[in-house]
$ cat query_13.txt   # compact mmCIF, N, CA and C atoms and all ligand atoms
# COMPACT_ATOMS: atom_id res chain seq x y z
N MET A 1361 -184.08 -66.01 22.47
CA MET A 1361 -183.77 -66.63 21.19
C MET A 1361 -184.82 -67.69 20.87
N ASP A 1362 -185.37 -67.64 19.67
CA ASP A 1362 -186.36 -68.62 19.25
C ASP A 1362 -185.65 -69.89 18.81
N SER A 1363 -185.98 -71.01 19.46
CA SER A 1363 -185.32 -72.26 19.11
C SER A 1363 -185.99 -72.97 17.95
N GLY A 1364 -187.07 -72.42 17.41
CA GLY A 1364 -187.69 -72.99 16.22
C GLY A 1364 -188.79 -73.97 16.53
N GLU A 1365 -189.78 -73.96 15.66
CA GLU A 1365 -190.92 -74.87 15.77
C GLU A 1365 -190.45 -76.32 15.69
N LYS A 1366 -191.01 -77.18 16.55
CA LYS A 1366 -190.65 -78.59 16.54
C LYS A 1366 -191.55 -79.36 15.59
N PHE A 1367 -190.95 -80.37 14.95
CA PHE A 1367 -191.73 -81.28 14.12
C PHE A 1367 -190.94 -82.58 14.01
N GLU A 1368 -191.47 -83.53 13.25
CA GLU A 1368 -190.80 -84.83 13.11
C GLU A 1368 -190.40 -85.07 11.66
N ILE A 1369 -189.28 -85.76 11.53
CA ILE A 1369 -188.86 -86.28 10.24
C ILE A 1369 -188.58 -87.76 10.43
N LYS A 1370 -188.49 -88.49 9.33
CA LYS A 1370 -188.22 -89.92 9.42
C LYS A 1370 -186.87 -90.24 8.80
N ILE A 1371 -186.11 -91.05 9.52
CA ILE A 1371 -184.85 -91.55 9.00
C ILE A 1371 -184.92 -93.07 9.02
N ASP A 1372 -184.85 -93.67 7.87
CA ASP A 1372 -184.98 -95.13 7.73
C ASP A 1372 -186.20 -95.64 8.49
N GLY A 1373 -187.29 -94.89 8.39
CA GLY A 1373 -188.56 -95.29 8.98
C GLY A 1373 -188.73 -94.94 10.45
N ILE A 1374 -187.70 -94.38 11.07
CA ILE A 1374 -187.76 -94.03 12.49
C ILE A 1374 -187.96 -92.52 12.63
N ARG A 1375 -188.92 -92.14 13.45
CA ARG A 1375 -189.21 -90.72 13.64
C ARG A 1375 -188.20 -90.08 14.60
N ILE A 1376 -187.70 -88.93 14.20
CA ILE A 1376 -186.83 -88.17 15.10
C ILE A 1376 -187.31 -86.73 15.13
N ALA A 1377 -186.90 -86.01 16.15
CA ALA A 1377 -187.31 -84.61 16.29
C ALA A 1377 -186.43 -83.71 15.43
N ALA A 1378 -187.04 -82.67 14.92
CA ALA A 1378 -186.32 -81.64 14.18
C ALA A 1378 -186.93 -80.30 14.55
N ARG A 1379 -186.21 -79.25 14.23
CA ARG A 1379 -186.71 -77.90 14.49
C ARG A 1379 -186.60 -77.06 13.23
N LYS A 1380 -187.54 -76.18 13.07
CA LYS A 1380 -187.51 -75.26 11.94
C LYS A 1380 -186.18 -74.50 11.97
N GLY A 1381 -185.54 -74.41 10.82
CA GLY A 1381 -184.26 -73.72 10.72
C GLY A 1381 -183.07 -74.66 10.78
N GLN A 1382 -183.28 -75.89 11.20
CA GLN A 1382 -182.18 -76.86 11.20
C GLN A 1382 -182.03 -77.47 9.82
N THR A 1383 -180.81 -77.87 9.51
CA THR A 1383 -180.62 -78.72 8.33
C THR A 1383 -180.96 -80.16 8.73
N ILE A 1384 -181.09 -80.99 7.72
CA ILE A 1384 -181.32 -82.42 8.01
C ILE A 1384 -180.14 -82.96 8.80
N ALA A 1385 -178.93 -82.61 8.41
CA ALA A 1385 -177.74 -83.11 9.12
C ALA A 1385 -177.76 -82.69 10.59
N GLU A 1386 -178.13 -81.47 10.86
CA GLU A 1386 -178.19 -81.02 12.26
C GLU A 1386 -179.20 -81.84 13.05
N SER A 1387 -180.34 -82.11 12.44
CA SER A 1387 -181.37 -82.91 13.12
C SER A 1387 -180.87 -84.31 13.41
N LEU A 1388 -180.19 -84.91 12.44
CA LEU A 1388 -179.68 -86.27 12.64
C LEU A 1388 -178.59 -86.30 13.70
N LEU A 1389 -177.69 -85.35 13.65
CA LEU A 1389 -176.62 -85.30 14.65
C LEU A 1389 -177.19 -85.07 16.05
N ALA A 1390 -178.21 -84.21 16.15
CA ALA A 1390 -178.83 -83.95 17.45
C ALA A 1390 -179.51 -85.20 18.01
N SER A 1391 -179.89 -86.11 17.12
CA SER A 1391 -180.51 -87.37 17.54
C SER A 1391 -179.49 -88.47 17.78
N GLY A 1392 -178.21 -88.16 17.60
CA GLY A 1392 -177.17 -89.12 17.87
C GLY A 1392 -176.75 -89.96 16.68
N LEU A 1393 -177.30 -89.67 15.51
CA LEU A 1393 -176.95 -90.44 14.31
C LEU A 1393 -175.68 -89.88 13.68
N ARG A 1394 -174.78 -90.74 13.32
CA ARG A 1394 -173.50 -90.30 12.75
C ARG A 1394 -173.24 -90.86 11.36
N VAL A 1395 -173.84 -91.99 11.02
CA VAL A 1395 -173.61 -92.62 9.71
C VAL A 1395 -174.76 -92.24 8.78
N PHE A 1396 -174.43 -91.52 7.72
CA PHE A 1396 -175.43 -91.02 6.78
C PHE A 1396 -175.48 -91.85 5.51
N ARG A 1397 -174.35 -92.42 5.17
CA ARG A 1397 -174.30 -93.25 3.96
C ARG A 1397 -173.18 -94.27 4.10
N ARG A 1398 -173.15 -95.22 3.15
CA ARG A 1398 -172.10 -96.23 3.09
C ARG A 1398 -171.49 -96.19 1.71
N THR A 1399 -170.16 -96.28 1.64
CA THR A 1399 -169.48 -96.29 0.35
C THR A 1399 -169.65 -97.65 -0.32
N LYS A 1400 -169.11 -97.76 -1.52
CA LYS A 1400 -169.15 -99.04 -2.23
C LYS A 1400 -168.47 -100.14 -1.44
N GLN A 1401 -167.51 -99.76 -0.60
CA GLN A 1401 -166.81 -100.73 0.24
C GLN A 1401 -167.47 -100.87 1.60
N ASN A 1402 -168.65 -100.32 1.75
CA ASN A 1402 -169.44 -100.38 2.98
C ASN A 1402 -168.83 -99.59 4.14
N ALA A 1403 -167.98 -98.64 3.82
CA ALA A 1403 -167.40 -97.79 4.87
C ALA A 1403 -168.40 -96.70 5.26
N PRO A 1404 -168.53 -96.43 6.55
CA PRO A 1404 -169.49 -95.42 6.98
C PRO A 1404 -169.01 -94.00 6.67
N ARG A 1405 -169.95 -93.15 6.31
CA ARG A 1405 -169.66 -91.74 6.06
C ARG A 1405 -170.73 -90.89 6.71
N GLY A 1406 -170.33 -89.67 7.08
CA GLY A 1406 -171.28 -88.74 7.70
C GLY A 1406 -170.84 -87.32 7.43
N VAL A 1407 -171.18 -86.43 8.31
CA VAL A 1407 -170.81 -85.03 8.13
C VAL A 1407 -169.30 -84.88 8.27
N TYR A 1408 -168.70 -84.19 7.31
CA TYR A 1408 -167.26 -83.93 7.37
C TYR A 1408 -167.00 -82.42 7.36
N CYS A 1409 -167.37 -81.76 6.26
CA CYS A 1409 -167.10 -80.31 6.19
C CYS A 1409 -168.24 -79.49 6.80
N GLY A 1410 -169.45 -79.95 6.61
CA GLY A 1410 -170.61 -79.22 7.12
C GLY A 1410 -170.97 -77.97 6.35
N ILE A 1411 -170.31 -77.75 5.21
CA ILE A 1411 -170.57 -76.53 4.43
C ILE A 1411 -170.80 -76.81 2.95
N GLY A 1412 -171.15 -78.05 2.62
CA GLY A 1412 -171.56 -78.34 1.25
C GLY A 1412 -170.45 -78.64 0.26
N ILE A 1413 -169.24 -78.84 0.72
CA ILE A 1413 -168.11 -79.02 -0.19
C ILE A 1413 -167.74 -80.49 -0.39
N CYS A 1414 -167.74 -81.30 0.64
CA CYS A 1414 -167.17 -82.65 0.55
C CYS A 1414 -168.14 -83.72 0.03
N PHE A 1415 -169.42 -83.49 0.11
CA PHE A 1415 -170.45 -84.43 -0.34
C PHE A 1415 -170.49 -85.72 0.48
N GLU A 1416 -169.85 -85.76 1.62
CA GLU A 1416 -169.86 -86.97 2.45
C GLU A 1416 -171.21 -87.21 3.13
N CYS A 1417 -172.00 -86.19 3.27
CA CYS A 1417 -173.28 -86.29 4.01
C CYS A 1417 -174.45 -86.64 3.12
N ARG A 1418 -174.19 -87.12 1.91
CA ARG A 1418 -175.28 -87.39 0.97
C ARG A 1418 -176.21 -88.49 1.48
N MET A 1419 -177.50 -88.25 1.31
CA MET A 1419 -178.52 -89.23 1.68
C MET A 1419 -179.64 -89.18 0.64
N ILE A 1420 -180.56 -90.11 0.80
CA ILE A 1420 -181.76 -90.11 -0.05
C ILE A 1420 -182.84 -89.34 0.72
N VAL A 1421 -183.33 -88.25 0.13
CA VAL A 1421 -184.33 -87.41 0.79
C VAL A 1421 -185.57 -87.37 -0.09
N ASN A 1422 -186.66 -87.85 0.45
CA ASN A 1422 -187.92 -87.92 -0.30
C ASN A 1422 -187.73 -88.59 -1.66
N GLY A 1423 -186.93 -89.65 -1.66
CA GLY A 1423 -186.71 -90.44 -2.87
C GLY A 1423 -185.63 -89.91 -3.79
N ILE A 1424 -185.03 -88.79 -3.46
CA ILE A 1424 -183.99 -88.20 -4.32
C ILE A 1424 -182.62 -88.52 -3.73
N PRO A 1425 -181.76 -89.25 -4.48
CA PRO A 1425 -180.44 -89.59 -3.95
C PRO A 1425 -179.46 -88.42 -4.04
N ASN A 1426 -178.36 -88.58 -3.33
CA ASN A 1426 -177.23 -87.63 -3.38
C ASN A 1426 -177.57 -86.23 -2.90
N VAL A 1427 -178.49 -86.13 -1.96
CA VAL A 1427 -178.84 -84.83 -1.38
C VAL A 1427 -177.85 -84.53 -0.26
N ARG A 1428 -177.22 -83.37 -0.33
CA ARG A 1428 -176.28 -82.96 0.73
C ARG A 1428 -177.10 -82.50 1.93
N THR A 1429 -177.13 -83.33 2.95
CA THR A 1429 -178.00 -83.03 4.09
C THR A 1429 -177.51 -81.86 4.93
N CYS A 1430 -176.23 -81.51 4.81
CA CYS A 1430 -175.73 -80.35 5.57
C CYS A 1430 -176.20 -79.04 4.96
N MET A 1431 -176.74 -79.11 3.73
CA MET A 1431 -177.19 -77.91 3.04
C MET A 1431 -178.71 -77.88 2.85
N THR A 1432 -179.39 -78.92 3.33
CA THR A 1432 -180.81 -79.07 3.04
C THR A 1432 -181.63 -78.90 4.32
N PRO A 1433 -182.54 -77.94 4.34
CA PRO A 1433 -183.35 -77.74 5.55
C PRO A 1433 -184.24 -78.95 5.83
N ALA A 1434 -184.38 -79.26 7.10
CA ALA A 1434 -185.37 -80.26 7.51
C ALA A 1434 -186.76 -79.66 7.33
N GLU A 1435 -187.66 -80.44 6.79
CA GLU A 1435 -189.04 -80.00 6.57
C GLU A 1435 -189.97 -81.01 7.23
N PRO A 1436 -191.09 -80.56 7.77
CA PRO A 1436 -192.03 -81.49 8.40
C PRO A 1436 -192.40 -82.63 7.44
N GLY A 1437 -192.30 -83.85 7.96
CA GLY A 1437 -192.72 -85.02 7.19
C GLY A 1437 -191.72 -85.54 6.19
N CYS A 1438 -190.54 -84.94 6.10
CA CYS A 1438 -189.61 -85.45 5.10
C CYS A 1438 -189.09 -86.83 5.50
N GLU A 1439 -188.84 -87.64 4.49
CA GLU A 1439 -188.40 -89.01 4.71
C GLU A 1439 -187.00 -89.17 4.14
N ILE A 1440 -186.12 -89.62 5.00
CA ILE A 1440 -184.71 -89.69 4.67
C ILE A 1440 -184.27 -91.15 4.80
N SER A 1441 -183.40 -91.57 3.89
CA SER A 1441 -182.87 -92.93 3.95
C SER A 1441 -181.35 -92.89 3.87
N THR A 1442 -180.73 -93.82 4.58
CA THR A 1442 -179.29 -94.01 4.44
C THR A 1442 -179.01 -94.37 2.99
N GLN A 1443 -177.96 -93.78 2.44
CA GLN A 1443 -177.61 -94.05 1.05
C GLN A 1443 -176.51 -95.09 0.99
N TYR A 1444 -176.74 -96.13 0.20
CA TYR A 1444 -175.74 -97.18 -0.01
C TYR A 1444 -175.23 -97.02 -1.43
N ASP A 1445 -174.01 -96.53 -1.55
CA ASP A 1445 -173.45 -96.30 -2.88
C ASP A 1445 -173.16 -97.62 -3.56
N THR A 1446 -173.35 -97.63 -4.87
CA THR A 1446 -173.12 -98.86 -5.63
C THR A 1446 -172.08 -98.59 -6.71
N ALA A 1447 -171.64 -99.66 -7.35
CA ALA A 1447 -170.66 -99.51 -8.43
C ALA A 1447 -171.22 -98.70 -9.59
N MET A 1448 -172.54 -98.61 -9.69
CA MET A 1448 -173.17 -97.88 -10.79
C MET A 1448 -173.15 -96.37 -10.55
N ASP A 1449 -172.92 -95.94 -9.33
CA ASP A 1449 -172.90 -94.51 -9.05
C ASP A 1449 -171.64 -93.89 -9.65
N CYS A 1450 -171.78 -92.72 -10.15
CA CYS A 1450 -170.59 -92.02 -10.67
C CYS A 1450 -170.25 -90.89 -9.69
N THR A 1451 -170.11 -91.28 -8.45
CA THR A 1451 -169.79 -90.31 -7.40
C THR A 1451 -168.46 -90.70 -6.76
N ASN A 1452 -167.96 -89.82 -5.96
CA ASN A 1452 -166.71 -90.12 -5.23
C ASN A 1452 -166.99 -91.13 -4.14
N GLU A 1453 -165.93 -91.63 -3.57
CA GLU A 1453 -166.06 -92.57 -2.45
C GLU A 1453 -166.89 -91.94 -1.39
S1 LIG B 1 -170.70 -82.52 5.18
FE1 LIG B 1 -169.53 -81.90 3.47
S2 LIG B 1 -171.07 -81.55 1.94
FE2 LIG B 1 -172.18 -82.02 3.72

$ encode --input "query_13.txt" --output "structure tokens" --more "lines below"
Ligand code: FES
Amino acid sequence: MDSGEKFEIKIDGIRIAARKGQTIAESLLASGLRVFRRTKQNAPRGVYCGIGICFECRMIVNGIPNVRTCMTPAEPGCEISTQYDTAMDCTNE
């Protein structure tokens, strides 16, 4: 079984390992990261459904907010940031 080409991605400026074929969420979970965003009340959120339905895994990917990381492939050099939801967002908790 091919485990996929290795490369690096950045999360909040820190480099972590990823493999071709992984989603961003898989890469983050494999690196031990569990908190992907914070709600307006500063509550931690991460992967919940893992299939693109709950939107709990949203992060900022290459400057684009609200990206569902469980549905987005990791790509070499991509830069990911923890998302801090604000009162101006029209998203769910
Ligand atoms: S974990 Fe539910 S949409 Fe990503």

$ residues_near_ligand --input "query_13.txt" --ligand "ligand LIG 1 (chain B)" --cutoff "8 Å" --atoms "all atoms listed in the file" --output "VMD selection string"
chain A and resid 1385 1406 to 1418 1427 to 1432

$ closest_atom_pairs --input "query_13.txt" --of "range 1368-1431 of chain A" --to "range 1438-1441 of chain A" --cutoff "6.5 Å" --atoms "all atoms listed in the file" --output "JSON lines"
{"residue": "A:Glu1368", "atom": "C", "partner": "A:Cys1438", "partner_atom": "N", "distance": 5.6}
{"residue": "A:Ile1369", "atom": "CA", "partner": "A:Cys1438", "partner_atom": "N", "distance": 4.7}
{"residue": "A:Lys1370", "atom": "C", "partner": "A:Ile1440", "partner_atom": "N", "distance": 3.9}
{"residue": "A:Ile1371", "atom": "CA", "partner": "A:Ile1440", "partner_atom": "C", "distance": 4.3}
{"residue": "A:Asp1372", "atom": "N", "partner": "A:Ile1440", "partner_atom": "C", "distance": 4.0}
{"residue": "A:Gly1373", "atom": "N", "partner": "A:Ile1440", "partner_atom": "C", "distance": 6.0}
{"residue": "A:Phe1396", "atom": "C", "partner": "A:Ser1441", "partner_atom": "C", "distance": 6.2}
{"residue": "A:Met1419", "atom": "CA", "partner": "A:Ser1441", "partner_atom": "C", "distance": 5.1}
{"residue": "A:Ile1420", "atom": "C", "partner": "A:Ser1441", "partner_atom": "N", "distance": 3.9}
{"residue": "A:Val1421", "atom": "CA", "partner": "A:Ile1440", "partner_atom": "CA", "distance": 4.5}
{"residue": "A:Asn1422", "atom": "N", "partner": "A:Glu1439", "partner_atom": "C", "distance": 3.9}
{"residue": "A:Gly1423", "atom": "N", "partner": "A:Glu1439", "partner_atom": "C", "distance": 5.8}

$ write_last_selection --input "query_13.txt" --atoms "N, CA and C atoms" --output "short mmCIF file (atom, residue, chain, number, x, y, z; two decimals), in the frame of the given file"
data_model
loop_
_atom_site.label_atom_id
_atom_site.label_comp_id
_atom_site.auth_asym_id
_atom_site.auth_seq_id
_atom_site.Cartn_x
_atom_site.Cartn_y
_atom_site.Cartn_z
N GLU A 1368 -191.47 -83.53 13.25
CA GLU A 1368 -190.80 -84.83 13.11
C GLU A 1368 -190.40 -85.07 11.66
N ILE A 1369 -189.28 -85.76 11.53
CA ILE A 1369 -188.86 -86.28 10.24
C ILE A 1369 -188.58 -87.76 10.43
N LYS A 1370 -188.49 -88.49 9.33
CA LYS A 1370 -188.22 -89.92 9.42
C LYS A 1370 -186.87 -90.24 8.80
N ILE A 1371 -186.11 -91.05 9.52
CA ILE A 1371 -184.85 -91.55 9.00
C ILE A 1371 -184.92 -93.07 9.02
N ASP A 1372 -184.85 -93.67 7.87
CA ASP A 1372 -184.98 -95.13 7.73
C ASP A 1372 -186.20 -95.64 8.49
N GLY A 1373 -187.29 -94.89 8.39
CA GLY A 1373 -188.56 -95.29 8.98
C GLY A 1373 -188.73 -94.94 10.45
N PHE A 1396 -174.43 -91.52 7.72
CA PHE A 1396 -175.43 -91.02 6.78
C PHE A 1396 -175.48 -91.85 5.51
N MET A 1419 -177.50 -88.25 1.31
CA MET A 1419 -178.52 -89.23 1.68
C MET A 1419 -179.64 -89.18 0.64
N ILE A 1420 -180.56 -90.11 0.80
CA ILE A 1420 -181.76 -90.11 -0.05
C ILE A 1420 -182.84 -89.34 0.72
N VAL A 1421 -183.33 -88.25 0.13
CA VAL A 1421 -184.33 -87.41 0.79
C VAL A 1421 -185.57 -87.37 -0.09
N ASN A 1422 -186.66 -87.85 0.45
CA ASN A 1422 -187.92 -87.92 -0.30
C ASN A 1422 -187.73 -88.59 -1.66
N GLY A 1423 -186.93 -89.65 -1.66
CA GLY A 1423 -186.71 -90.44 -2.87
C GLY A 1423 -185.63 -89.91 -3.79
#

$ select_by_dssp --input "query_13.txt" --residues "chain A" --states "helix (DSSP H, G or I)" --output "ChimeraX atom specification"
/A:1384-1390

$ atom_distance --input "query_13.txt" --atom1 "CA of Ile1376 in chain A" --atom2 "CA of Arg1397 in chain A"
17.5 Å

$ atom_distance --input "query_13.txt" --atom1 "CA of Thr1383 in chain A" --atom2 "atom C of Gln1443 in chain A"
18.4 Å

$ atom_distance --input "query_13.txt" --atom1 "atom N of Thr1446 in chain A" --atom2 "CA of Arg1394 in chain A"
19.1 Å

$ axis_aligned_box --input "query_13.txt" --around "range 1363-1382 of chain A" --padding-each-side "8 Å" --output "lines of an AutoDock Vina configuration file"
center_x = -186.9
center_y = -83.3
center_z = 13.6
size_x = 25.7
size_y = 40.6
size_z = 27.7

$ select_by_dssp --input "query_13.txt" --residues "chain A" --states "strand (DSSP E)" --output "ChimeraX atom specification"
/A:1366-1371,1374-1379,1397-1398,1404-1405,1418-1421,1424-1428,1439-1441,1443-1444

$ closest_residue --input "query_13.txt" --among "A:Ala1403, A:Leu1389, A:Ile1384, A:Val1395" --to "Pro1433 in chain A" --atoms "all atoms listed in the file"
A:Ile1384

$ closest_residue --input "query_13.txt" --among "A:Lys1400, A:Pro1436, A:Gly1392, A:Arg1405" --to "Lys1380 in chain A" --atoms "all atoms listed in the file"
A:Pro1436

$ decode --input "query_13.txt" --residues "range 1370-1429 of chain A" --atoms "C-alpha atoms" --output "PDB file, in the first residue's frame"
ATOM      1  CA  LYS A1370       2.056  25.135   8.058  1.00  0.00           C
ATOM      2  CA  ILE A1371      -0.426  25.549  10.857  1.00  0.00           C
ATOM      3  CA  ASP A1372      -0.225  28.889  12.657  1.00  0.00           C
ATOM      4  CA  GLY A1373       3.331  29.215  11.349  1.00  0.00           C
ATOM      5  CA  ILE A1374       4.459  25.780  12.559  1.00  0.00           C
ATOM      6  CA  ARG A1375       5.479  23.165  10.020  1.00  0.00           C
ATOM      7  CA  ILE A1376       3.879  19.747  10.270  1.00  0.00           C
ATOM      8  CA  ALA A1377       4.114  16.647   8.111  1.00  0.00           C
ATOM      9  CA  ALA A1378       1.415  15.721   5.638  1.00  0.00           C
ATOM     10  CA  ARG A1379       1.024  13.057   2.990  1.00  0.00           C
ATOM     11  CA  LYS A1380      -0.469  13.174  -0.457  1.00  0.00           C
ATOM     12  CA  GLY A1381      -4.062  11.979  -0.266  1.00  0.00           C
ATOM     13  CA  GLN A1382      -4.657  13.211   3.271  1.00  0.00           C
ATOM     14  CA  THR A1383      -7.114  15.946   4.078  1.00  0.00           C
ATOM     15  CA  ILE A1384      -5.888  18.899   6.084  1.00  0.00           C
ATOM     16  CA  ALA A1385      -7.858  17.593   9.072  1.00  0.00           C
ATOM     17  CA  GLU A1386      -6.166  14.194   8.845  1.00  0.00           C
ATOM     18  CA  SER A1387      -2.755  15.855   8.769  1.00  0.00           C
ATOM     19  CA  LEU A1388      -3.557  17.991  11.798  1.00  0.00           C
ATOM     20  CA  LEU A1389      -4.993  15.092  13.774  1.00  0.00           C
ATOM     21  CA  ALA A1390      -1.955  12.944  12.920  1.00  0.00           C
ATOM     22  CA  SER A1391       0.213  15.726  14.376  1.00  0.00           C
ATOM     23  CA  GLY A1392      -1.787  15.737  17.601  1.00  0.00           C
ATOM     24  CA  LEU A1393      -3.724  18.943  16.965  1.00  0.00           C
ATOM     25  CA  ARG A1394      -7.348  18.880  18.071  1.00  0.00           C
ATOM     26  CA  VAL A1395      -8.494  22.527  18.184  1.00  0.00           C
ATOM     27  CA  PHE A1396      -9.158  23.912  14.711  1.00  0.00           C
ATOM     28  CA  ARG A1397     -11.170  26.991  15.561  1.00  0.00           C
ATOM     29  CA  ARG A1398     -12.680  28.972  18.429  1.00  0.00           C
ATOM     30  CA  THR A1399     -16.307  30.076  18.656  1.00  0.00           C
ATOM     31  CA  LYS A1400     -17.429  33.583  19.530  1.00  0.00           C
ATOM     32  CA  GLN A1401     -17.404  32.411  23.145  1.00  0.00           C
ATOM     33  CA  ASN A1402     -13.839  31.126  22.711  1.00  0.00           C
ATOM     34  CA  ALA A1403     -14.937  27.491  22.950  1.00  0.00           C
ATOM     35  CA  PRO A1404     -12.632  25.063  21.138  1.00  0.00           C
ATOM     36  CA  ARG A1405     -13.905  23.201  18.085  1.00  0.00           C
ATOM     37  CA  GLY A1406     -12.390  20.519  15.878  1.00  0.00           C
ATOM     38  CA  VAL A1407     -13.377  17.546  13.791  1.00  0.00           C
ATOM     39  CA  TYR A1408     -16.838  16.257  14.665  1.00  0.00           C
ATOM     40  CA  CYS A1409     -18.494  14.513  11.713  1.00  0.00           C
ATOM     41  CA  GLY A1410     -15.485  14.167   9.444  1.00  0.00           C
ATOM     42  CA  ILE A1411     -17.712  14.098   6.363  1.00  0.00           C
ATOM     43  CA  GLY A1412     -18.377  17.752   5.572  1.00  0.00           C
ATOM     44  CA  ILE A1413     -21.741  18.164   7.291  1.00  0.00           C
ATOM     45  CA  CYS A1414     -21.187  19.888  10.659  1.00  0.00           C
ATOM     46  CA  PHE A1415     -18.734  22.665   9.639  1.00  0.00           C
ATOM     47  CA  GLU A1416     -16.978  22.380  13.013  1.00  0.00           C
ATOM     48  CA  CYS A1417     -13.567  21.869  11.366  1.00  0.00           C
ATOM     49  CA  ARG A1418     -13.526  25.238   9.593  1.00  0.00           C
ATOM     50  CA  MET A1419     -10.163  26.979   9.382  1.00  0.00           C
ATOM     51  CA  ILE A1420      -8.447  29.672   7.376  1.00  0.00           C
ATOM     52  CA  VAL A1421      -6.598  28.014   4.477  1.00  0.00           C
ATOM     53  CA  ASN A1422      -4.316  30.132   2.320  1.00  0.00           C
ATOM     54  CA  GLY A1423      -6.170  33.230   3.532  1.00  0.00           C
ATOM     55  CA  ILE A1424      -9.648  31.858   2.835  1.00  0.00           C
ATOM     56  CA  PRO A1425     -11.873  31.529   5.940  1.00  0.00           C
ATOM     57  CA  ASN A1426     -14.494  28.870   6.644  1.00  0.00           C
ATOM     58  CA  VAL A1427     -12.730  26.084   4.753  1.00  0.00           C
ATOM     59  CA  ARG A1428     -13.929  22.647   5.876  1.00  0.00           C
ATOM     60  CA  THR A1429     -10.618  20.960   6.531  1.00  0.00           C
TER      61      THR A1429
END
